[in-house]
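Asks: Structure below; questions to follow.
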Amino acid sequence: MDIITTTAALEAACAKLATEPFVTVDTEFLRDSTYWPVLCLIQVAAPKGDALIIDPLADGIDLAAFYGLMANTAVIKVFHAARQDIEIFWHEAQTLPDPLFDTQVAAMVCGFGDSVGYENIVKKITGEQVDKSSRFTDWSRRPLTDKQVRYAAADVTHLRQVYEALAKRITKSERAQWVAEEMAILQNPATYEVQPEDAWKRLKLRNRNKKTVAVLMEAAAWREREAQNRNMPRGRIMKDDAIQEVATQAPTTPDALSQLRAVPRGFGQSRHAKGLFDAVKRGLAMPPGDIKMPDAPEQLPQGLGPTVELLKVLLKYKCEAHDVAQKLICNVADLERIAADDNADVSALRGWRREIFGKDALDLKHGRLSLSIENQMIKPVRVAQDATG
């Protein structure tokens, strides 16, 4: 199988693909030693014919034609679990595939379970067994082996049948709008924007002292900027435990920093330490009114535990009845919020999710709906209005 390694060949291939109704797309990348993923291979397939393998690491190749195809609204772009692939496209070229179809999301809408894996969905729909033995190979090494190329091509050729089968199911079940709402999230640039100021939210809050939180915010933001600027994993800049210790102890000198066990020895003498000390000082100097303390974990009001358990039963029933994955509707935290608040800001109380679950969840909560068992099966029963008072 030929691999596209020149701009001219890529432009010619993308011109042909632009006439197709859809293309399936996948990528291979590495991010073990970098902050930003390194795009190592792109696979594309039209509805018929062999897959195209594009080498983004080839000397002098310009991927503009490929990104133009991704933005071509006349061609549907089909991925499986698209988020990481799209993150790369957004970082590399500020491009988002449009229109987009994610078969993992579509499979959840069609009742294939929560976050169904590619191998499982291929086997269920096509009966084919996917060889994943090359999945964790070094995709940056050249030349690629024949086995790697076959593996890469198979990912997008099987995806054609998966897409066509799922698209038919969605059309038949009139659930296209359900999928469209999920695709809108994947096509929102905010999904892929990493703001250093929000980096502290990835860390567990061990101390709710305002000054400690302020230093944590500034130290985490410093680490995120360092990781981005140096293109290194954030853990190689400084481990989470070290950031937590810095927040607690607030060191502003090399000697003070050297006393922290989680901080690498000698870091305080490095040229990067000044940025950390400046971050600590900014945290210490932050006016109390500017420290936006995160909300304390919500405690479920006493007595609502059984209500949550009933909502879980209803959720399972409704998802089986509508043949949709539970994960796509809501999680346990959402159920707890619904139990506590009729107007909870959760997706299960909006849009199509409200129609198939949210309204009944509120009715169950307020006694307008009950659950009974008939022939060993759960059955919701509508309660007459006058019986509720």
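Identifiers for the structure tokens are assigned positionally: chains receive A, B, ... in sequence, residues are indexed from 1 per chain, and ligands are indexed from 1 in the order shown.
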Give me, as a compact mmCIF listing (two decimals) with all heavy atoms, in the first residue's frame, all polymer residues having an atom no more than 12 Å from Gly113 (chain A), counting only C-alpha atoms and skipping those fewer than 6 positions away in the same chain.
Replies:
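Here's the written file part23.txt:
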```
# COMPACT_ATOMS: atom_id res chain seq x y z
N GLN A 104 -18.72 6.33 18.04
CA GLN A 104 -18.83 5.94 19.44
C GLN A 104 -20.08 6.56 20.07
O GLN A 104 -20.84 5.90 20.78
CB GLN A 104 -17.59 6.35 20.24
CG GLN A 104 -17.62 5.85 21.68
CD GLN A 104 -16.39 6.24 22.47
OE1 GLN A 104 -16.18 7.41 22.76
NE2 GLN A 104 -15.55 5.26 22.78
N VAL A 105 -20.30 7.85 19.80
CA VAL A 105 -21.50 8.52 20.30
C VAL A 105 -22.75 7.90 19.69
O VAL A 105 -23.73 7.61 20.37
CB VAL A 105 -21.44 10.02 20.00
CG1 VAL A 105 -22.75 10.70 20.37
CG2 VAL A 105 -20.28 10.67 20.75
N ALA A 106 -22.71 7.69 18.37
CA ALA A 106 -23.86 7.10 17.69
C ALA A 106 -24.18 5.71 18.23
O ALA A 106 -25.35 5.35 18.37
CB ALA A 106 -23.58 7.02 16.18
N ALA A 107 -23.15 4.95 18.56
CA ALA A 107 -23.38 3.61 19.11
C ALA A 107 -24.08 3.69 20.46
O ALA A 107 -24.94 2.86 20.78
CB ALA A 107 -22.05 2.87 19.23
N ASN A 120 -15.21 -3.82 19.61
CA ASN A 120 -16.50 -4.42 19.89
C ASN A 120 -17.57 -4.00 18.88
O ASN A 120 -18.36 -4.83 18.42
CB ASN A 120 -16.96 -4.06 21.30
CG ASN A 120 -16.13 -4.73 22.37
OD1 ASN A 120 -15.54 -5.78 22.13
ND2 ASN A 120 -16.06 -4.13 23.54
N ILE A 121 -17.57 -2.72 18.54
CA ILE A 121 -18.59 -2.26 17.60
C ILE A 121 -18.35 -2.83 16.21
O ILE A 121 -19.29 -3.17 15.49
CB ILE A 121 -18.67 -0.71 17.57
CG1 ILE A 121 -19.94 -0.24 16.87
CG2 ILE A 121 -17.47 -0.09 16.91
CD1 ILE A 121 -21.20 -0.55 17.62
N LYS A 124 -19.57 -6.48 16.33
CA LYS A 124 -21.03 -6.59 16.40
C LYS A 124 -21.69 -6.25 15.07
O LYS A 124 -22.69 -6.86 14.69
CB LYS A 124 -21.57 -5.67 17.50
CG LYS A 124 -21.29 -6.16 18.91
CD LYS A 124 -21.86 -5.21 19.94
CE LYS A 124 -21.58 -5.71 21.36
NZ LYS A 124 -22.11 -4.79 22.40
N LYS A 316 -32.28 3.06 34.46
CA LYS A 316 -31.96 1.79 33.81
C LYS A 316 -33.13 1.32 32.96
O LYS A 316 -32.95 0.88 31.81
CB LYS A 316 -31.60 0.74 34.86
CG LYS A 316 -31.18 -0.60 34.27
CD LYS A 316 -30.70 -1.54 35.36
CE LYS A 316 -30.31 -2.90 34.78
NZ LYS A 316 -29.22 -2.80 33.80
N CYS A 319 -33.54 3.63 29.80
CA CYS A 319 -32.47 3.44 28.82
C CYS A 319 -32.63 2.12 28.08
O CYS A 319 -32.38 2.04 26.87
CB CYS A 319 -31.10 3.51 29.50
SG CYS A 319 -30.66 5.20 30.00
N GLU A 320 -33.07 1.08 28.80
CA GLU A 320 -33.32 -0.19 28.12
C GLU A 320 -34.53 -0.07 27.20
O GLU A 320 -34.52 -0.60 26.08
CB GLU A 320 -33.54 -1.29 29.16
CG GLU A 320 -32.27 -1.69 29.90
CD GLU A 320 -32.50 -2.82 30.89
OE1 GLU A 320 -33.68 -3.22 31.08
OE2 GLU A 320 -31.52 -3.30 31.47
N ASP A 323 -33.37 1.92 24.30
CA ASP A 323 -32.17 1.37 23.68
C ASP A 323 -31.08 2.43 23.53
O ASP A 323 -30.56 2.69 22.44
CB ASP A 323 -32.51 0.78 22.30
CG ASP A 323 -31.46 -0.23 21.84
OD1 ASP A 323 -30.74 -0.77 22.70
OD2 ASP A 323 -31.37 -0.48 20.63
N VAL A 324 -30.74 3.04 24.66
CA VAL A 324 -29.71 4.09 24.67
C VAL A 324 -28.82 3.88 25.90
O VAL A 324 -29.29 3.37 26.93
CB VAL A 324 -30.35 5.50 24.68
CG1 VAL A 324 -31.18 5.71 25.92
CG2 VAL A 324 -29.31 6.59 24.54
N ALA A 325 -27.54 4.22 25.79
CA ALA A 325 -26.61 4.01 26.89
C ALA A 325 -26.91 4.96 28.05
O ALA A 325 -27.17 6.14 27.85
CB ALA A 325 -25.18 4.23 26.41
N GLN A 326 -26.85 4.43 29.28
CA GLN A 326 -27.11 5.25 30.46
C GLN A 326 -26.14 6.42 30.56
O GLN A 326 -26.54 7.53 30.94
CB GLN A 326 -27.00 4.40 31.74
CG GLN A 326 -28.09 3.36 31.89
CD GLN A 326 -28.00 2.62 33.21
OE1 GLN A 326 -27.84 3.23 34.27
NE2 GLN A 326 -28.09 1.29 33.16
N LYS A 327 -24.89 6.19 30.22
CA LYS A 327 -23.88 7.23 30.34
C LYS A 327 -24.24 8.46 29.51
O LYS A 327 -23.87 9.59 29.86
CB LYS A 327 -22.52 6.68 29.89
CG LYS A 327 -21.38 7.68 29.99
CD LYS A 327 -20.07 7.04 29.56
CE LYS A 327 -18.92 8.04 29.63
NZ LYS A 327 -17.64 7.42 29.21
N LEU A 328 -24.97 8.26 28.44
CA LEU A 328 -25.34 9.37 27.58
C LEU A 328 -26.45 10.23 28.20
O LEU A 328 -26.65 11.37 27.81
CB LEU A 328 -25.78 8.84 26.21
CG LEU A 328 -25.66 9.77 25.01
CD1 LEU A 328 -24.24 10.27 24.83
CD2 LEU A 328 -26.13 9.07 23.74
N ILE A 329 -27.19 9.67 29.15
CA ILE A 329 -28.29 10.40 29.78
C ILE A 329 -27.80 11.17 31.00
O ILE A 329 -27.92 12.38 31.07
CB ILE A 329 -29.43 9.44 30.18
CG1 ILE A 329 -29.91 8.64 28.96
CG2 ILE A 329 -30.59 10.23 30.80
CD1 ILE A 329 -30.49 9.48 27.86
```
Asks: Show me, as a PyMOL selection string, the residues that have an atom within 9 Å of Lys292 (chain A) when counting only C-alpha atoms, minus same-chain residues fewer than 4 positions from it.
Replies: chain A and resi 210+213-214+288
Asks: Write out, as a PDB file, in the first residue's frame, the residues just selected, with C-alpha atoms.
Replies:
```pdb
ATOM      1  CA  LYS A 210      -7.974  30.939  50.961  1.00  0.00           C
ATOM      2  CA  VAL A 213      -6.062  27.910  47.308  1.00  0.00           C
ATOM      3  CA  ALA A 214      -4.703  31.123  45.779  1.00  0.00           C
ATOM      4  CA  PRO A 288      -9.192  37.826  49.462  1.00  0.00           C
TER       5      PRO A 288
END
```
Asks: So that I can check the surroundings of Leu159 (chain A), please list as JSON, numbers by chain every protein, DNA and RNA residue that reaches within 12 Å of it, counting only C-alpha atoms and ignoring chain neighbours fewer than 2 positions away.
Replies: {"A": [22, 23, 24, 25, 26, 43, 44, 45, 46, 47, 48, 51, 77, 78, 79, 80, 81, 101, 102, 103, 104, 118, 119, 120, 121, 122, 123, 125, 126, 128, 130, 152, 153, 154, 155, 156, 157, 161, 162, 163, 164, 165, 166, 167]}
Asks: Please, could you write that set of residues out with C-alpha atoms as an mmCIF file, in the first residue's frame?
Replies:
```cif
data_model
loop_
_atom_site.group_PDB
_atom_site.id
_atom_site.type_symbol
_atom_site.label_atom_id
_atom_site.label_comp_id
_atom_site.auth_asym_id
_atom_site.auth_seq_id
_atom_site.Cartn_x
_atom_site.Cartn_y
_atom_site.Cartn_z
ATOM 1 C CA PHE A 22 -18.355 10.777 3.423
ATOM 2 C CA VAL A 23 -14.842 9.804 4.453
ATOM 3 C CA THR A 24 -13.700 7.825 7.469
ATOM 4 C CA VAL A 25 -10.747 9.257 9.378
ATOM 5 C CA ASP A 26 -8.344 8.110 12.074
ATOM 6 C CA GLN A 43 -5.697 7.399 7.642
ATOM 7 C CA VAL A 44 -8.615 8.270 5.372
ATOM 8 C CA ALA A 45 -11.008 6.066 3.403
ATOM 9 C CA ALA A 46 -13.755 6.831 0.913
ATOM 10 C CA PRO A 47 -16.916 4.655 0.823
ATOM 11 C CA LYS A 48 -15.180 2.270 -1.593
ATOM 12 C CA ALA A 51 -7.572 3.445 2.499
ATOM 13 C CA LYS A 77 -16.191 13.183 8.335
ATOM 14 C CA VAL A 78 -16.590 9.926 10.267
ATOM 15 C CA PHE A 79 -14.474 9.128 13.337
ATOM 16 C CA HIS A 80 -14.682 6.719 16.246
ATOM 17 C CA ALA A 81 -14.043 8.446 19.602
ATOM 18 C CA PHE A 101 -20.148 11.901 12.821
ATOM 19 C CA ASP A 102 -18.656 10.059 15.817
ATOM 20 C CA THR A 103 -19.538 6.370 15.730
ATOM 21 C CA GLN A 104 -18.834 5.943 19.443
ATOM 22 C CA TYR A 118 -13.959 0.201 18.391
ATOM 23 C CA GLU A 119 -13.139 -3.524 18.331
ATOM 24 C CA ASN A 120 -16.505 -4.419 19.886
ATOM 25 C CA ILE A 121 -18.593 -2.259 17.603
ATOM 26 C CA VAL A 122 -16.782 -3.569 14.513
ATOM 27 C CA LYS A 123 -17.349 -7.167 15.599
ATOM 28 C CA ILE A 125 -21.789 -4.841 13.118
ATOM 29 C CA THR A 126 -19.427 -6.429 10.602
ATOM 30 C CA GLU A 128 -14.811 -8.892 11.645
ATOM 31 C CA VAL A 130 -9.821 -6.187 14.564
ATOM 32 C CA ALA A 152 -3.788 1.664 10.285
ATOM 33 C CA ALA A 153 -5.735 1.038 7.082
ATOM 34 C CA ALA A 154 -8.093 -1.446 8.738
ATOM 35 C CA ASP A 155 -9.164 1.161 11.280
ATOM 36 C CA VAL A 156 -10.812 3.293 8.599
ATOM 37 C CA THR A 157 -11.984 0.576 6.204
ATOM 38 C CA GLN A 161 -19.549 -0.330 7.438
ATOM 39 C CA VAL A 162 -19.960 0.767 11.026
ATOM 40 C CA TYR A 163 -20.932 4.272 9.924
ATOM 41 C CA GLU A 164 -23.413 3.110 7.298
ATOM 42 C CA ALA A 165 -25.109 0.714 9.716
ATOM 43 C CA LEU A 166 -25.357 3.264 12.522
ATOM 44 C CA ALA A 167 -26.527 6.046 10.196
#
```
Asks: Can you pull out the residues contacting region 240-246 of chain A? Cut-off 9 Å, using only C-alpha atoms, and skip same-chain residues under 6 positions away; I want them as a short mmCIF file (atom, residue, chain, number, x, y, z; two decimals) with all heavy atoms, in the first residue's frame.
Replies:
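Wrote out10.cif, looks like this:
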```cif
data_model
loop_
_atom_site.label_atom_id
_atom_site.label_comp_id
_atom_site.auth_asym_id
_atom_site.auth_seq_id
_atom_site.Cartn_x
_atom_site.Cartn_y
_atom_site.Cartn_z
N LEU A 203 -6.64 19.30 40.02
CA LEU A 203 -6.04 18.82 41.26
C LEU A 203 -7.09 18.70 42.37
O LEU A 203 -8.03 19.48 42.44
CB LEU A 203 -4.94 19.78 41.71
CG LEU A 203 -3.82 20.02 40.69
CD1 LEU A 203 -2.92 21.14 41.16
CD2 LEU A 203 -3.02 18.74 40.48
N LYS A 204 -6.88 17.72 43.22
CA LYS A 204 -7.77 17.56 44.37
C LYS A 204 -7.49 18.66 45.38
O LYS A 204 -6.35 18.92 45.74
CB LYS A 204 -7.55 16.19 45.01
CG LYS A 204 -8.51 15.88 46.15
CD LYS A 204 -8.29 14.48 46.68
CE LYS A 204 -9.26 14.17 47.81
NZ LYS A 204 -9.06 12.79 48.34
N LEU A 205 -8.54 19.32 45.83
CA LEU A 205 -8.39 20.41 46.78
C LEU A 205 -8.25 19.82 48.19
O LEU A 205 -9.20 19.32 48.76
CB LEU A 205 -9.60 21.34 46.71
CG LEU A 205 -9.43 22.73 47.33
CD1 LEU A 205 -8.33 23.50 46.60
CD2 LEU A 205 -10.75 23.50 47.25
N ARG A 206 -7.03 19.89 48.74
CA ARG A 206 -6.76 19.29 50.06
C ARG A 206 -6.99 20.27 51.21
O ARG A 206 -7.12 19.85 52.36
CB ARG A 206 -5.32 18.79 50.11
CG ARG A 206 -5.00 17.70 49.10
CD ARG A 206 -3.53 17.32 49.18
NE ARG A 206 -3.19 16.27 48.24
CZ ARG A 206 -1.95 15.82 48.04
NH1 ARG A 206 -0.94 16.34 48.74
NH2 ARG A 206 -1.71 14.87 47.15
N THR A 212 -3.96 29.28 50.67
CA THR A 212 -3.48 28.03 50.08
C THR A 212 -4.10 27.81 48.71
O THR A 212 -3.42 27.41 47.76
CB THR A 212 -3.81 26.84 51.01
OG1 THR A 212 -3.18 27.04 52.28
CG2 THR A 212 -3.35 25.53 50.40
N VAL A 215 -2.47 30.21 46.15
CA VAL A 215 -1.14 29.75 45.71
C VAL A 215 -1.26 28.53 44.81
O VAL A 215 -0.54 28.40 43.82
CB VAL A 215 -0.25 29.46 46.93
CG1 VAL A 215 1.09 28.86 46.48
CG2 VAL A 215 0.00 30.72 47.74
N LEU A 216 -2.20 27.64 45.13
CA LEU A 216 -2.42 26.46 44.29
C LEU A 216 -2.82 26.89 42.87
O LEU A 216 -2.32 26.34 41.88
CB LEU A 216 -3.52 25.57 44.90
CG LEU A 216 -3.88 24.32 44.09
CD1 LEU A 216 -2.74 23.31 44.16
CD2 LEU A 216 -5.17 23.69 44.61
N ALA A 219 0.34 28.43 41.18
CA ALA A 219 1.38 27.44 40.92
C ALA A 219 0.97 26.47 39.81
O ALA A 219 1.78 26.10 38.95
CB ALA A 219 1.70 26.66 42.20
N ALA A 220 -0.29 26.07 39.81
CA ALA A 220 -0.77 25.16 38.77
C ALA A 220 -0.77 25.86 37.40
O ALA A 220 -0.44 25.25 36.38
CB ALA A 220 -2.17 24.66 39.11
N ARG A 223 2.80 25.95 36.14
CA ARG A 223 3.22 24.66 35.59
C ARG A 223 2.61 24.42 34.21
O ARG A 223 3.28 23.93 33.31
CB ARG A 223 2.82 23.52 36.54
CG ARG A 223 3.26 22.16 36.02
CD ARG A 223 2.89 21.02 36.94
NE ARG A 223 1.45 20.81 37.05
CZ ARG A 223 0.91 19.71 37.60
NH1 ARG A 223 1.70 18.77 38.09
NH2 ARG A 223 -0.39 19.58 37.69
N ARG A 234 3.07 17.86 31.82
CA ARG A 234 3.07 18.70 33.03
C ARG A 234 3.75 17.97 34.20
O ARG A 234 4.37 18.60 35.04
CB ARG A 234 1.64 19.13 33.39
CG ARG A 234 0.67 18.02 33.66
CD ARG A 234 -0.70 18.55 34.03
NE ARG A 234 -1.34 19.26 32.96
CZ ARG A 234 -2.07 18.66 32.00
NH1 ARG A 234 -2.20 17.36 32.00
NH2 ARG A 234 -2.64 19.36 31.05
N LEU A 257 12.22 26.20 49.26
CA LEU A 257 11.75 25.19 48.31
C LEU A 257 12.49 23.87 48.51
O LEU A 257 11.90 22.79 48.36
CB LEU A 257 11.95 25.70 46.87
CG LEU A 257 11.31 24.85 45.76
CD1 LEU A 257 9.79 24.83 45.91
CD2 LEU A 257 11.69 25.40 44.39
N LEU A 260 11.04 21.03 50.73
CA LEU A 260 9.84 20.27 50.34
C LEU A 260 10.26 18.94 49.72
O LEU A 260 11.00 18.90 48.74
CB LEU A 260 9.00 21.08 49.35
CG LEU A 260 8.61 22.51 49.80
CD1 LEU A 260 7.62 23.11 48.83
CD2 LEU A 260 8.04 22.49 51.21
N ARG A 261 9.77 17.86 50.28
CA ARG A 261 10.21 16.53 49.85
C ARG A 261 9.77 16.19 48.43
O ARG A 261 10.46 15.46 47.73
CB ARG A 261 9.67 15.47 50.83
CG ARG A 261 10.27 15.58 52.22
CD ARG A 261 10.05 14.31 53.01
NE ARG A 261 8.64 13.89 53.04
CZ ARG A 261 8.22 12.74 53.56
NH1 ARG A 261 9.10 11.89 54.09
NH2 ARG A 261 6.94 12.44 53.58
N ALA A 262 8.61 16.68 48.02
CA ALA A 262 8.08 16.29 46.71
C ALA A 262 8.73 17.04 45.55
O ALA A 262 8.58 16.64 44.39
CB ALA A 262 6.56 16.49 46.68
N VAL A 263 9.41 18.13 45.85
CA VAL A 263 10.04 18.94 44.80
C VAL A 263 11.40 18.34 44.45
O VAL A 263 12.19 18.01 45.35
CB VAL A 263 10.20 20.40 45.26
CG1 VAL A 263 10.98 21.22 44.23
CG2 VAL A 263 8.83 21.02 45.52
N PRO A 264 11.70 18.18 43.16
CA PRO A 264 13.00 17.60 42.77
C PRO A 264 14.17 18.36 43.38
O PRO A 264 14.17 19.60 43.42
CB PRO A 264 12.99 17.72 41.24
CG PRO A 264 11.55 17.77 40.87
CD PRO A 264 10.86 18.49 41.99
N VAL A 280 4.05 31.90 43.39
CA VAL A 280 3.72 31.81 44.81
C VAL A 280 3.47 33.21 45.39
O VAL A 280 2.50 33.42 46.13
CB VAL A 280 4.86 31.11 45.59
CG1 VAL A 280 4.62 31.21 47.10
CG2 VAL A 280 4.97 29.65 45.16
#
```
Asks: Using only C-alpha atoms for the distances, tell me which of A:Gln269, A:Gln249, A:Ser347, A:Thr5 is nearest to Glu181 (chain A).
Replies: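 So, comparing all the options, the nearest one is A:Ser347.
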Asks: Report as a list in words all protein, DNA and RNA residues lying within 9 Å of Asp98 (chain A), evaluated on only C-alpha atoms, omitting residues in the same chain fewer than 3 positions from it.
Replies: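 That gives Met70, Ala71, Asn72, Thr73, Ala74, Val75, Ile76, Lys77, Phe101 and Gln187 of chain A.
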Asks: Keeping only all heavy atoms, write the selected residues as a PDB file, in the first residue's frame.
Replies:
```
ATOM      1  N   MET A  70     -11.173  18.458   5.775  1.00  0.00           N
ATOM      2  CA  MET A  70     -11.869  18.396   7.064  1.00  0.00           C
ATOM      3  C   MET A  70     -12.902  19.522   7.199  1.00  0.00           C
ATOM      4  O   MET A  70     -13.941  19.347   7.853  1.00  0.00           O
ATOM      5  CB  MET A  70     -10.862  18.479   8.218  1.00  0.00           C
ATOM      6  CG  MET A  70      -9.950  17.275   8.354  1.00  0.00           C
ATOM      7  SD  MET A  70     -10.794  15.709   8.707  1.00  0.00           S
ATOM      8  CE  MET A  70     -10.898  15.008   7.023  1.00  0.00           C
ATOM      9  N   ALA A  71     -12.620  20.650   6.587  1.00  0.00           N
ATOM     10  CA  ALA A  71     -13.527  21.801   6.679  1.00  0.00           C
ATOM     11  C   ALA A  71     -14.559  21.829   5.557  1.00  0.00           C
ATOM     12  O   ALA A  71     -15.446  22.691   5.564  1.00  0.00           O
ATOM     13  CB  ALA A  71     -12.714  23.097   6.655  1.00  0.00           C
ATOM     14  N   ASN A  72     -14.474  20.913   4.616  1.00  0.00           N
ATOM     15  CA  ASN A  72     -15.393  20.870   3.472  1.00  0.00           C
ATOM     16  C   ASN A  72     -16.761  20.379   3.932  1.00  0.00           C
ATOM     17  O   ASN A  72     -16.946  19.202   4.249  1.00  0.00           O
ATOM     18  CB  ASN A  72     -14.826  19.947   2.393  1.00  0.00           C
ATOM     19  CG  ASN A  72     -15.659  19.933   1.127  1.00  0.00           C
ATOM     20  OD1 ASN A  72     -16.835  20.280   1.126  1.00  0.00           O
ATOM     21  ND2 ASN A  72     -15.042  19.530   0.034  1.00  0.00           N
ATOM     22  N   THR A  73     -17.742  21.267   3.964  1.00  0.00           N
ATOM     23  CA  THR A  73     -19.050  20.915   4.515  1.00  0.00           C
ATOM     24  C   THR A  73     -19.862  19.994   3.613  1.00  0.00           C
ATOM     25  O   THR A  73     -20.936  19.532   4.000  1.00  0.00           O
ATOM     26  CB  THR A  73     -19.871  22.196   4.793  1.00  0.00           C
ATOM     27  OG1 THR A  73     -19.978  22.960   3.588  1.00  0.00           O
ATOM     28  CG2 THR A  73     -19.210  23.041   5.873  1.00  0.00           C
ATOM     29  N   ALA A  74     -19.365  19.696   2.427  1.00  0.00           N
ATOM     30  CA  ALA A  74     -20.068  18.780   1.524  1.00  0.00           C
ATOM     31  C   ALA A  74     -19.734  17.320   1.812  1.00  0.00           C
ATOM     32  O   ALA A  74     -20.376  16.417   1.262  1.00  0.00           O
ATOM     33  CB  ALA A  74     -19.731  19.108   0.073  1.00  0.00           C
ATOM     34  N   VAL A  75     -18.736  17.094   2.654  1.00  0.00           N
ATOM     35  CA  VAL A  75     -18.279  15.730   2.939  1.00  0.00           C
ATOM     36  C   VAL A  75     -18.396  15.453   4.437  1.00  0.00           C
ATOM     37  O   VAL A  75     -17.815  16.181   5.251  1.00  0.00           O
ATOM     38  CB  VAL A  75     -16.803  15.532   2.498  1.00  0.00           C
ATOM     39  CG1 VAL A  75     -16.378  14.085   2.722  1.00  0.00           C
ATOM     40  CG2 VAL A  75     -16.608  15.941   1.046  1.00  0.00           C
ATOM     41  N   ILE A  76     -19.127  14.412   4.811  1.00  0.00           N
ATOM     42  CA  ILE A  76     -19.232  14.026   6.217  1.00  0.00           C
ATOM     43  C   ILE A  76     -17.931  13.352   6.651  1.00  0.00           C
ATOM     44  O   ILE A  76     -17.412  12.482   5.951  1.00  0.00           O
ATOM     45  CB  ILE A  76     -20.415  13.064   6.429  1.00  0.00           C
ATOM     46  CG1 ILE A  76     -21.735  13.745   6.055  1.00  0.00           C
ATOM     47  CG2 ILE A  76     -20.467  12.575   7.889  1.00  0.00           C
ATOM     48  CD1 ILE A  76     -22.922  12.795   6.028  1.00  0.00           C
ATOM     49  N   LYS A  77     -17.404  13.784   7.784  1.00  0.00           N
ATOM     50  CA  LYS A  77     -16.191  13.183   8.335  1.00  0.00           C
ATOM     51  C   LYS A  77     -16.570  12.232   9.465  1.00  0.00           C
ATOM     52  O   LYS A  77     -17.180  12.652  10.452  1.00  0.00           O
ATOM     53  CB  LYS A  77     -15.233  14.259   8.851  1.00  0.00           C
ATOM     54  CG  LYS A  77     -14.278  14.785   7.808  1.00  0.00           C
ATOM     55  CD  LYS A  77     -14.933  15.574   6.671  1.00  0.00           C
ATOM     56  CE  LYS A  77     -15.483  16.894   7.165  1.00  0.00           C
ATOM     57  NZ  LYS A  77     -16.008  17.735   6.052  1.00  0.00           N
ATOM     58  N   PHE A 101     -19.367  13.032  12.328  1.00  0.00           N
ATOM     59  CA  PHE A 101     -20.148  11.901  12.821  1.00  0.00           C
ATOM     60  C   PHE A 101     -19.207  11.021  13.630  1.00  0.00           C
ATOM     61  O   PHE A 101     -18.229  10.486  13.099  1.00  0.00           O
ATOM     62  CB  PHE A 101     -20.748  11.106  11.659  1.00  0.00           C
ATOM     63  CG  PHE A 101     -21.737  10.040  12.077  1.00  0.00           C
ATOM     64  CD1 PHE A 101     -23.097  10.290  12.026  1.00  0.00           C
ATOM     65  CD2 PHE A 101     -21.310   8.789  12.506  1.00  0.00           C
ATOM     66  CE1 PHE A 101     -24.018   9.311  12.396  1.00  0.00           C
ATOM     67  CE2 PHE A 101     -22.212   7.804  12.886  1.00  0.00           C
ATOM     68  CZ  PHE A 101     -23.577   8.064  12.829  1.00  0.00           C
ATOM     69  N   GLN A 187     -17.512  19.850  18.297  1.00  0.00           N
ATOM     70  CA  GLN A 187     -17.146  20.873  17.322  1.00  0.00           C
ATOM     71  C   GLN A 187     -17.003  22.255  17.948  1.00  0.00           C
ATOM     72  O   GLN A 187     -16.804  23.238  17.231  1.00  0.00           O
ATOM     73  CB  GLN A 187     -18.180  20.912  16.198  1.00  0.00           C
ATOM     74  CG  GLN A 187     -18.141  19.677  15.315  1.00  0.00           C
ATOM     75  CD  GLN A 187     -19.183  19.718  14.213  1.00  0.00           C
ATOM     76  OE1 GLN A 187     -20.377  19.683  14.470  1.00  0.00           O
ATOM     77  NE2 GLN A 187     -18.724  19.814  12.983  1.00  0.00           N
TER      78      GLN A 187
END
```
Asks: Report the distance between CA of Lys201 (chain A) and CA of Met293 (chain A) in Å, rounded to one decimal place.
Replies: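 Interatomic distance here is 11.1 Å.
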Asks: My list of candidates is A:Leu96, A:Phe66, A:Arg368, A:Ala348. Which is closest to Ala12 (chain A) when distances are computed with only C-alpha atoms?
Replies: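 Smallest distance to Ala12 (chain A) is found for A:Phe66.
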Asks: Find the distance between CA of Glu197 (chain A) and CA of Met217 (chain A) and write it in Å to one decimal.
Replies: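 It comes out at 7.0 Å.
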Asks: Tell me which of A:Cys110, A:Met1, A:Ile185, A:Arg382 sits closest to Lys168 (chain A), counting only C-alpha atoms.
Replies: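 For Lys168 (chain A), the nearest of the given residues is A:Cys110.
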